[in-house]
Structures are given as structure tokens and as C-alpha cells.
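A short write-up of the structure that comes next.
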Amino acid sequence: MADAKQTATLSFDGKTLELPMLSPTAGPDVIDIRKLYAQGGVFTFDPGFTSTASCQSTITFIDGDKGELLYRGYPIDQLAEKSHFLEVCYLLLYGELPTAEEQEDFESRITNHTMVHEQMHNFFRGFRRDAHPMATMVGVVGAMSAFYHDSTDINDPYQREVASIRLIAKMPTIAAMAYKYSIGQPFVYPRNDLDYASNFLRMCFSVPAEDYEVNPILSRAMDRIFTLHADHEQNASTSTVRLAGSSGANPFACIAAGIACLWGPAHGGANEAALNMLREIGSVDRIPEYIKRAKDKNDPFRLMGFGHRVYKNFDPRARVMKQSADEVLDLLGVHDNPTLQVAKELEKIALNDDYFIEKKLYPNVDFYSGIILDAIGFPTSMFTPIFALSRTVGWIAQWKEMIGDPTQKIGRPRQLYVGKTMRDYVDVEKR
């Protein structure tokens, strides 16, 4: 627990309260208001909890003004450049980078748990043939507790560990199965001789009649997408996982809740929205028209994939993602794809136009990841499932941290009630 080094004085209605102030290792000080109601009889009002720390955490730190994102203290650009996704998973779960032996053991455990229970194939077939992959994932992940009920006891450290490994290992398989089901193709089983990202690509694009040779450039780009989206502090879906977990719900139910929250277009759908905008623009010659609209305060049109709610300067993930986007587009080409042509030209304008520079509307990670996923061949309906796949390890790390926090209580936000006060019931004939 952070130490209380000073206090904040709150005065109202003739009362004076001394509230402890906690100092984190990074970021602003925090006023501890846990005893505010008991001592002062009042609550705070904070819609969206944007000024409230709901927990203490050692996992991820964001400094939006500096454009800084740290996983366990390590800058995201260093991890994306020098590490790989499963090593980052280990870091997020256990707090330190693994030794060679630890990494080999961890990757082996993940690899050997990638298959799903065979009866889950029947579960998939209960969905409509045109079911959205995200809807399928919400249902299937939630149902994992029915197939793997030997790892649902949250009070057993061993079962928590088994559930964590199973979720990270099986999420690519489930996401690929959701995709295959949505397009009417047979499921493809995982292969233990492939790395995590390559295995996912093969399960998505291989067919029984012809195998899929994974290109290392595409696999590396996919691995970076996983890494860059692995965790992002106390965002909406992570907070949902923690809130569900605070009730004692099993880990599969908690992760399913996170997936459901991520499905919202204001959260996980940003890269899909960015690509849809590029398609709306349609061709390079129409870009000036949309740039003009974006600069017009009276026009509701907004450029998607530029700027970020948290990062006020630049998105540190975007720099690495731009490199992968360039590599993928050099490999696959943009000459025959008008959407990607628009993306490249729009990126060039945004990085050089005074308006964009002044407003700090730089291309963000969603802009580049959308371009990459489209170039690889994923439909936009798969963008958010891939986000969910990437974020699973972060959700699990946050959930495990919450379970082990002795100060954790069941989530119970308060409200500012503005409805009717008490009134008597009136019989229907007198209304």
C-alpha cells in the first residue's frame, strides 16, 4: 500500500476532515476518501470515475502528457521492438522478465493448452451462421467454465494459475474458430510447432485443401499488435473484469464480461471505425474534402484514428505500429487497394499539416493496426475479437492482482439520486 505522507483538509457544513494523501511511485498523489462517508456523511460525484483510483496496481502505468506507457516499468516501445508477446505475457503475469528456462517452460505450457475441448465445436454450431465473431466469443468464453470447471475456484492458487494459462492459450483458437464459423469454413486445429502469432494466422487463413504458409513479416506484425494491446491500465473493459471479479465470479465469467465491454464502439471498435472512415473517404482525390470537414468545428465529421483520449502528445504504441504497417504494406503493396492508398496519403498529411501538428492529432495505434489487419485479410468484424485476444493477458493479470489485494472489496459505486422522494401508492381507479 502506498504510504500516507500528508493529508488533505476538507471543510463543509462546519465540519473539517483530514483525509490521507497517498503517494504512488509514479503519477499524481491520491486523496484517500475511503472513510469520507463514515466521517463526513457525504460521497463524491465522479461520472465515469475519471478522477477516482479504484485500486492500487503494479502492472501498467500511463503518462498521457509524456506519451508514456510502461508494462511493469518497461517502456512499450522497447518491449515491442526487442521482446515478443509471450515474453510480455510472462512479464505482465509475474512481474519480471523470464529467464531462458522460465520462458521455455511458460511457452511450453501455453503451447500445450491451445486446443479446446472437442465438445465446444458443438457449442459453436448453436450460433446462427451469420453471428458476429464478437458475439460468439462472449458466449464461448463465458461457457468455458462449463467445460473447464476444474479451474474455477478462485480461492485455489493452482486453479487460478491453470485458468490463466488456459485463457491465454485458447483465446487465439476461440477467436479463429469464431472467424471460421462466421465465413462457413471448417475449424483449423492449432499446431504446436508454430509460435503464438503464426499459429493464430494459420488457424484463421488455412483451409484443409491448401495449407497456409505464414509470412514472418505478417507474423511479426501480428505479434506486435498483440503486445501493444496487452494491457492499458484501468480502462473500461479492465475495470469491468475487476468489478466482476470483486463479486467472486469465476475467471472465465470475468473475462467474458471484459469482452462484452470491449465490444462497445467507444472502446474496442476504434480501429474498425478508423478503417470504415478510410473506406468512406474512398479515394485519394477526396482527402482534401474530408480534411476541410475535419477542420470545420460546425461539421460533425471527425477523423478516426487520430489523437487519443489519454495520450495528449502522441501514442507511444503508434510509433512501433507504424513501422510494422510500413513493412506489411511494402510486402503486400497498396497499389490495388484504394483504402490503403487513402491511409498512406492521409498519414502523410497528418504528420506534416500545421493544423494536425498544433492539435497533436497524430495517427494512433488504432489507425495503424486497422491498416495492418485489413492488409493481412481480416474483415472489420474480426478487429475487436483480435483486440480481445490481445487484451486477455492484461485482464488476467489485473484479475489476479485484485484477488490477491487484501484491501479489495466488492465493487459498489454510489449515486447522486435526483429522482422522486418518498410518495404513497395510489390505487389505479384514483389515478
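All residue names refer to the C-alpha cells as shown: chains lettered A, B, ... in order, residues numbered from 1 in each chain, ligands numbered from 1 in order.
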Could you build a table of the residues in region 91-178 of chain A lying no more than 8 Å from region 387-395 of chain A, giving for each the nearest pair of atoms and their separation in Å rounded to one decimal place, using only C-alpha atoms, ordered by chain and ascending residue number, as a tab-separated table?
```
residue	atom	partner	partner_atom	distance
A:Leu92	CA	A:Gly394	CA	6.8
A:Leu93	CA	A:Val393	CA	7.4
A:Ser164	CA	A:Val393	CA	7.9
A:Leu167	CA	A:Thr392	CA	7.3
A:Ile168	CA	A:Val393	CA	6.2
A:Met171	CA	A:Leu389	CA	5.7
A:Pro172	CA	A:Leu389	CA	6.2
A:Ala175	CA	A:Leu389	CA	7.1
```
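Residues in contact with Pro251 (chain A) at 7 Å, where only C-alpha atoms are counted and same-chain residues fewer than 4 positions away are skipped, are listed as A:Thr152, A:Ala163, A:Ile255.
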Spatial neighbours of Asp336 (chain A), max dist 12 Å, only C-alpha atoms, sep filter under 5 positions, as a PyMOL selection string: chain A and resi 283+329+341-342+375
Could you turn the residues from that selection into a file that holds C-alpha atoms, as a short mmCIF file (atom, residue, chain, number, x, y, z; two decimals), in the first residue's frame?
```cif
data_model
loop_
_atom_site.label_atom_id
_atom_site.label_comp_id
_atom_site.auth_asym_id
_atom_site.auth_seq_id
_atom_site.Cartn_x
_atom_site.Cartn_y
_atom_site.Cartn_z
CA SER A 283 -10.09 7.68 -52.90
CA LEU A 329 2.33 -2.58 -46.93
CA GLN A 341 -3.80 4.30 -50.67
CA VAL A 342 -6.03 6.71 -48.74
CA ALA A 375 -3.95 -5.69 -45.45
#
```
Using backbone DSSP assignments, extract all helix (DSSP H, G or I) residues from region 27-115 of chain A; output them as number ranges by chain. A: 36-40, 47-49, 76-82, 85-94, 100-111
Keeping N, CA and C atoms for every residue in the selection just given, could you write it to a file as a compact mmCIF listing (two decimals), in the first residue's frame?
```
# COMPACT_ATOMS: atom_id res chain seq x y z
N LEU A 36 -14.60 8.81 3.98
CA LEU A 36 -15.30 10.07 3.81
C LEU A 36 -16.76 10.00 4.26
N TYR A 37 -17.46 8.94 3.88
CA TYR A 37 -18.87 8.82 4.26
C TYR A 37 -19.02 8.55 5.75
N ALA A 38 -18.16 7.68 6.28
CA ALA A 38 -18.25 7.35 7.71
C ALA A 38 -17.97 8.57 8.58
N GLN A 39 -17.02 9.40 8.15
CA GLN A 39 -16.64 10.54 8.97
C GLN A 39 -17.41 11.82 8.64
N GLY A 40 -17.79 11.95 7.36
CA GLY A 40 -18.43 13.20 6.96
C GLY A 40 -19.86 13.07 6.47
N PRO A 47 -18.69 11.03 -12.43
CA PRO A 47 -19.19 10.22 -13.55
C PRO A 47 -18.04 9.64 -14.37
N GLY A 48 -18.13 8.35 -14.63
CA GLY A 48 -17.06 7.68 -15.38
C GLY A 48 -15.85 7.35 -14.54
N PHE A 49 -15.85 7.78 -13.28
CA PHE A 49 -14.73 7.52 -12.36
C PHE A 49 -13.40 7.99 -12.92
N ILE A 76 6.87 0.56 -23.56
CA ILE A 76 6.20 -0.29 -24.53
C ILE A 76 6.97 -0.38 -25.84
N ASP A 77 7.66 0.69 -26.22
CA ASP A 77 8.39 0.64 -27.50
C ASP A 77 9.57 -0.32 -27.42
N GLN A 78 10.23 -0.40 -26.25
CA GLN A 78 11.32 -1.36 -26.09
C GLN A 78 10.80 -2.80 -26.15
N LEU A 79 9.68 -3.04 -25.48
CA LEU A 79 9.12 -4.39 -25.48
C LEU A 79 8.67 -4.81 -26.87
N ALA A 80 8.01 -3.89 -27.59
CA ALA A 80 7.53 -4.22 -28.93
C ALA A 80 8.67 -4.44 -29.91
N GLU A 81 9.78 -3.74 -29.68
CA GLU A 81 10.92 -3.84 -30.58
C GLU A 81 11.79 -5.04 -30.27
N LYS A 82 12.03 -5.32 -28.98
CA LYS A 82 13.03 -6.32 -28.59
C LYS A 82 12.44 -7.62 -28.07
N PHE A 85 5.36 -11.43 -27.77
CA PHE A 85 4.13 -11.40 -26.99
C PHE A 85 4.15 -12.33 -25.78
N LEU A 86 4.57 -13.57 -25.94
CA LEU A 86 4.51 -14.49 -24.80
C LEU A 86 5.49 -14.09 -23.69
N GLU A 87 6.61 -13.49 -24.06
CA GLU A 87 7.50 -12.97 -23.02
C GLU A 87 6.84 -11.82 -22.28
N VAL A 88 6.13 -10.97 -23.01
CA VAL A 88 5.39 -9.87 -22.39
C VAL A 88 4.26 -10.42 -21.51
N CYS A 89 3.62 -11.50 -21.95
CA CYS A 89 2.60 -12.15 -21.11
C CYS A 89 3.19 -12.56 -19.77
N TYR A 90 4.36 -13.18 -19.82
CA TYR A 90 5.02 -13.61 -18.58
C TYR A 90 5.29 -12.39 -17.69
N LEU A 91 5.79 -11.33 -18.30
CA LEU A 91 6.09 -10.11 -17.55
C LEU A 91 4.85 -9.56 -16.86
N LEU A 92 3.75 -9.48 -17.59
CA LEU A 92 2.52 -8.93 -17.02
C LEU A 92 1.97 -9.82 -15.91
N LEU A 93 2.08 -11.13 -16.10
CA LEU A 93 1.51 -12.06 -15.12
C LEU A 93 2.34 -12.15 -13.84
N TYR A 94 3.67 -12.16 -14.00
CA TYR A 94 4.53 -12.47 -12.86
C TYR A 94 5.42 -11.32 -12.40
N ALA A 100 15.73 -17.66 -19.34
CA ALA A 100 15.58 -18.53 -20.51
C ALA A 100 14.78 -19.78 -20.15
N GLU A 101 15.07 -20.35 -18.97
CA GLU A 101 14.38 -21.56 -18.54
C GLU A 101 12.90 -21.27 -18.24
N GLU A 102 12.65 -20.15 -17.57
CA GLU A 102 11.27 -19.77 -17.26
C GLU A 102 10.47 -19.51 -18.53
N GLN A 103 11.10 -18.87 -19.49
CA GLN A 103 10.42 -18.57 -20.75
C GLN A 103 10.08 -19.85 -21.51
N GLU A 104 11.03 -20.77 -21.55
CA GLU A 104 10.79 -22.04 -22.25
C GLU A 104 9.65 -22.81 -21.60
N ASP A 105 9.63 -22.84 -20.27
CA ASP A 105 8.57 -23.55 -19.55
C ASP A 105 7.22 -22.89 -19.78
N PHE A 106 7.18 -21.56 -19.72
CA PHE A 106 5.93 -20.84 -19.90
C PHE A 106 5.37 -21.04 -21.31
N GLU A 107 6.23 -20.89 -22.30
CA GLU A 107 5.78 -21.05 -23.69
C GLU A 107 5.32 -22.47 -23.95
N SER A 108 5.97 -23.44 -23.31
CA SER A 108 5.55 -24.83 -23.46
C SER A 108 4.17 -25.06 -22.87
N ARG A 109 3.92 -24.47 -21.71
CA ARG A 109 2.60 -24.62 -21.08
C ARG A 109 1.51 -23.98 -21.94
N ILE A 110 1.80 -22.80 -22.50
CA ILE A 110 0.82 -22.14 -23.37
C ILE A 110 0.57 -22.99 -24.61
N THR A 111 1.63 -23.42 -25.25
CA THR A 111 1.52 -24.20 -26.49
C THR A 111 0.72 -25.48 -26.30
```
Counting only C-alpha atoms, the residue of A:Pro379, A:Gly268, A:Gly73, A:Pro406 that sits nearest Ser182 (chain A):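 Among the listed residues, the smallest separation from Ser182 (chain A) belongs to A:Pro379.
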Close residues, Asp374 (chain A) itself excluded, 12 Å, only C-alpha atoms, min 2 positions apart in chain, as a ChimeraX atom specification: /A:218,222,271-272,274-276,278-279,325,328-329,332,334,337-340,343,366-372,376-383
Selection export as a compact mmCIF listing (two decimals), in the first residue's frame, atoms kept: N, CA, C and O atoms:
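What landed in again_19.txt:
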```txt
# COMPACT_ATOMS: atom_id res chain seq x y z
N LEU A 218 4.34 -10.81 -41.58
CA LEU A 218 2.97 -10.72 -41.09
C LEU A 218 2.86 -11.26 -39.67
O LEU A 218 2.12 -10.71 -38.84
N MET A 222 1.63 -9.19 -36.42
CA MET A 222 0.56 -9.70 -35.58
C MET A 222 1.01 -9.77 -34.13
O MET A 222 0.27 -9.40 -33.20
N ASN A 271 -10.27 0.83 -34.03
CA ASN A 271 -9.55 0.55 -35.29
C ASN A 271 -10.52 0.21 -36.41
O ASN A 271 -10.28 0.52 -37.58
N GLU A 272 -11.65 -0.40 -36.07
CA GLU A 272 -12.68 -0.66 -37.08
C GLU A 272 -13.27 0.66 -37.58
O GLU A 272 -13.49 0.84 -38.78
N ALA A 274 -11.76 3.52 -37.64
CA ALA A 274 -10.75 4.19 -38.46
C ALA A 274 -10.76 3.64 -39.88
O ALA A 274 -10.69 4.40 -40.86
N LEU A 275 -10.86 2.33 -40.02
CA LEU A 275 -10.86 1.73 -41.35
C LEU A 275 -12.15 2.09 -42.10
O LEU A 275 -12.12 2.35 -43.31
N ASN A 276 -13.26 2.09 -41.39
CA ASN A 276 -14.52 2.48 -42.03
C ASN A 276 -14.46 3.91 -42.54
O ASN A 276 -15.02 4.24 -43.59
N LEU A 278 -11.70 5.42 -43.60
CA LEU A 278 -10.88 5.40 -44.81
C LEU A 278 -11.70 4.93 -46.00
O LEU A 278 -11.56 5.45 -47.12
N ARG A 279 -12.57 3.96 -45.76
CA ARG A 279 -13.42 3.47 -46.85
C ARG A 279 -14.47 4.50 -47.24
O ARG A 279 -14.85 4.59 -48.41
N ALA A 325 3.35 -1.39 -40.00
CA ALA A 325 2.44 -1.06 -41.10
C ALA A 325 3.22 -0.84 -42.38
O ALA A 325 2.82 -1.32 -43.46
N VAL A 328 4.41 -4.25 -43.65
CA VAL A 328 3.32 -5.05 -44.22
C VAL A 328 2.89 -4.50 -45.57
O VAL A 328 2.67 -5.25 -46.53
N LEU A 329 2.77 -3.18 -45.67
CA LEU A 329 2.33 -2.58 -46.93
C LEU A 329 3.40 -2.72 -48.01
O LEU A 329 3.07 -2.86 -49.19
N LEU A 332 2.85 -6.43 -49.09
CA LEU A 332 1.60 -6.75 -49.77
C LEU A 332 1.22 -5.72 -50.83
O LEU A 332 0.37 -6.00 -51.68
N VAL A 334 0.11 -1.52 -51.93
CA VAL A 334 -1.10 -0.72 -51.76
C VAL A 334 -1.67 -0.26 -53.09
O VAL A 334 -2.70 0.40 -53.14
N ASN A 337 -5.24 -1.35 -53.79
CA ASN A 337 -6.18 -1.20 -52.68
C ASN A 337 -6.41 0.27 -52.39
O ASN A 337 -5.57 0.94 -51.78
N PRO A 338 -7.55 0.83 -52.83
CA PRO A 338 -7.79 2.27 -52.63
C PRO A 338 -7.84 2.66 -51.16
O PRO A 338 -7.45 3.79 -50.80
N THR A 339 -8.32 1.77 -50.30
CA THR A 339 -8.39 2.10 -48.86
C THR A 339 -7.00 2.33 -48.30
O THR A 339 -6.77 3.29 -47.55
N LEU A 340 -6.07 1.47 -48.66
CA LEU A 340 -4.71 1.60 -48.16
C LEU A 340 -3.99 2.78 -48.80
O LEU A 340 -3.14 3.42 -48.17
N ALA A 343 -5.09 5.65 -46.79
CA ALA A 343 -4.43 5.63 -45.48
C ALA A 343 -3.03 6.22 -45.56
O ALA A 343 -2.64 7.03 -44.71
N ASP A 366 -4.66 2.66 -33.26
CA ASP A 366 -5.84 2.12 -33.93
C ASP A 366 -5.78 2.35 -35.44
O ASP A 366 -6.22 1.52 -36.23
N PHE A 367 -5.24 3.50 -35.84
CA PHE A 367 -5.10 3.80 -37.26
C PHE A 367 -4.20 2.76 -37.94
O PHE A 367 -4.57 2.17 -38.95
N TYR A 368 -3.05 2.52 -37.34
CA TYR A 368 -2.09 1.60 -37.96
C TYR A 368 -2.52 0.13 -37.84
O TYR A 368 -2.34 -0.64 -38.78
N SER A 369 -3.08 -0.26 -36.70
CA SER A 369 -3.49 -1.66 -36.55
C SER A 369 -4.63 -1.99 -37.51
O SER A 369 -4.68 -3.10 -38.06
N GLY A 370 -5.54 -1.04 -37.73
CA GLY A 370 -6.62 -1.27 -38.68
C GLY A 370 -6.09 -1.49 -40.09
O GLY A 370 -6.56 -2.37 -40.82
N ILE A 371 -5.09 -0.68 -40.46
CA ILE A 371 -4.48 -0.83 -41.78
C ILE A 371 -3.82 -2.21 -41.93
O ILE A 371 -3.99 -2.89 -42.94
N ILE A 372 -3.09 -2.61 -40.89
CA ILE A 372 -2.38 -3.89 -40.94
C ILE A 372 -3.36 -5.05 -41.04
O ILE A 372 -3.20 -5.95 -41.88
N ILE A 376 -3.68 -7.72 -44.13
CA ILE A 376 -3.47 -9.16 -43.94
C ILE A 376 -4.65 -9.96 -44.48
O ILE A 376 -4.48 -11.09 -44.96
N GLY A 377 -5.85 -9.37 -44.42
CA GLY A 377 -7.02 -10.05 -44.96
C GLY A 377 -8.16 -10.24 -43.98
O GLY A 377 -9.14 -10.93 -44.28
N PHE A 378 -8.05 -9.64 -42.79
CA PHE A 378 -9.13 -9.76 -41.81
C PHE A 378 -10.27 -8.80 -42.13
O PHE A 378 -10.02 -7.63 -42.45
N PRO A 379 -11.52 -9.25 -42.05
CA PRO A 379 -12.65 -8.33 -42.17
C PRO A 379 -12.74 -7.48 -40.90
O PRO A 379 -12.21 -7.85 -39.85
N THR A 380 -13.42 -6.35 -40.98
CA THR A 380 -13.50 -5.46 -39.82
C THR A 380 -14.21 -6.14 -38.65
O THR A 380 -13.96 -5.78 -37.50
N SER A 381 -15.07 -7.12 -38.92
CA SER A 381 -15.76 -7.81 -37.83
C SER A 381 -14.79 -8.58 -36.93
O SER A 381 -15.14 -8.95 -35.81
N MET A 382 -13.56 -8.80 -37.40
CA MET A 382 -12.58 -9.53 -36.60
C MET A 382 -11.63 -8.61 -35.84
O MET A 382 -10.83 -9.08 -35.02
N PHE A 383 -11.71 -7.31 -36.07
CA PHE A 383 -10.78 -6.39 -35.42
C PHE A 383 -10.92 -6.43 -33.90
O PHE A 383 -9.93 -6.53 -33.17
```
Hey, what's within 10 Å of Pro385 (chain A) if we count only C-alpha atoms and toss same-chain stuff fewer than 6 positions away? As a PDB file with C-alpha atoms, in the first residue's frame, please?
```pdb
ATOM      1  CA  HIS A 132     -20.796 -11.668 -35.305  1.00  0.00           C
ATOM      2  CA  PRO A 133     -17.473 -13.180 -34.135  1.00  0.00           C
ATOM      3  CA  MET A 134     -17.525 -10.931 -31.067  1.00  0.00           C
ATOM      4  CA  ALA A 135     -20.972 -12.210 -30.046  1.00  0.00           C
ATOM      5  CA  THR A 136     -19.681 -15.743 -30.428  1.00  0.00           C
ATOM      6  CA  MET A 137     -16.610 -15.027 -28.301  1.00  0.00           C
ATOM      7  CA  VAL A 138     -18.664 -13.537 -25.467  1.00  0.00           C
ATOM      8  CA  MET A 171      -8.180 -17.427 -26.859  1.00  0.00           C
ATOM      9  CA  PRO A 172      -6.486 -17.461 -30.315  1.00  0.00           C
ATOM     10  CA  ILE A 174     -11.554 -19.493 -29.980  1.00  0.00           C
ATOM     11  CA  ALA A 175     -11.139 -16.259 -31.965  1.00  0.00           C
ATOM     12  CA  ALA A 176     -10.071 -18.196 -35.064  1.00  0.00           C
ATOM     13  CA  ALA A 178     -15.388 -17.653 -34.357  1.00  0.00           C
ATOM     14  CA  TYR A 179     -13.970 -16.266 -37.600  1.00  0.00           C
ATOM     15  CA  ILE A 259     -15.016  -8.990 -23.850  1.00  0.00           C
ATOM     16  CA  LEU A 262     -14.691  -4.183 -25.164  1.00  0.00           C
ATOM     17  CA  TRP A 263     -17.282  -4.752 -27.883  1.00  0.00           C
ATOM     18  CA  GLY A 268     -12.590  -1.696 -28.695  1.00  0.00           C
ATOM     19  CA  GLY A 269     -14.068  -0.620 -32.008  1.00  0.00           C
ATOM     20  CA  ARG A 391      -6.027  -7.896 -24.007  1.00  0.00           C
TER      21      ARG A 391
END
```
May I have the residues within 12 Å of Asn215 (chain A) as a ChimeraX atom specification, using only C-alpha atoms and disregarding those fewer than 5 positions away in the same chain? /A:194,197-199,201-202,205,220-222,327-328,331-332,376
List every residue of region 40-274 of chain A that DSSP, applied to the backbone, labels as strand (DSSP E or B), and write the result as an MDAnalysis selection string. chainID A and resid 60:63 68:71 74:75 207 210
Between CA of Phe356 (chain A) and CA of Tyr71 (chain A), what distance in Å does the model show, to one decimal?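 CA of Phe356 (chain A) sits 28.9 Å away from CA of Tyr71 (chain A).
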Find the distance between CA of Gln6 (chain A) and CA of Pro20 (chain A) and write it in Å to one decimal. 6.2 Å
So that each row is one residue of region 310-407 of chain A with an atom at most 8 Å from region 239-248 of chain A, can you give its shortest atom pair and the distance in Å to one decimal, using only C-alpha atoms, rows by chain and rising number, as JSON lines?
```
{"residue": "A:Trp395", "atom": "CA", "partner": "A:Val241", "partner_atom": "CA", "distance": 6.5}
{"residue": "A:Gln398", "atom": "CA", "partner": "A:Arg242", "partner_atom": "CA", "distance": 7.0}
{"residue": "A:Trp399", "atom": "CA", "partner": "A:Arg242", "partner_atom": "CA", "distance": 5.7}
{"residue": "A:Met402", "atom": "CA", "partner": "A:Arg242", "partner_atom": "CA", "distance": 6.8}
{"residue": "A:Ile403", "atom": "CA", "partner": "A:Gly245", "partner_atom": "CA", "distance": 7.7}
```
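If you measure from each of A:Gly282, A:Gly142, A:Gly258, A:Pro316 to Thr384 (chain A) using only C-alpha atoms, the closest one turns out to be A:Gly258.
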Can you list, as a list of chain:residue names, every protein, DNA or RNA residue that comes within 9 Å of region 117-122 of chain A when you count only C-alpha atoms, leaving out same-chain residues fewer than 5 positions away?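 My list of contacting residues is A:Val140, A:Ala143, A:Met144, A:Phe147, A:Tyr148, A:Met177, A:Phe187.
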Option closest in space to Val320 (chain A), from A:Met422, A:Pro75, A:Met277, A:Ala253 [counting only C-alpha atoms]: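 That would be A:Pro75, the residue with the smallest distance to Val320 (chain A).
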Two-atom distance - CA of Asn313 (chain A), CA of Cys261 (chain A) (Å):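 CA of Cys261 (chain A) lies at a distance of 26.7 Å from CA of Asn313 (chain A).
Nearest to Cys55 (chain A) of all the residues A:Leu97, A:Leu373, A:Val214, A:Ile410 is A:Ile410, counting only C-alpha atoms.
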Let me make sure I understand: among A:Glu401, A:Asp424, A:Asp63, A:Asp13, which one has the smallest atom-to-atom distance to Arg160 (chain A) if we use only C-alpha atoms? A:Glu401
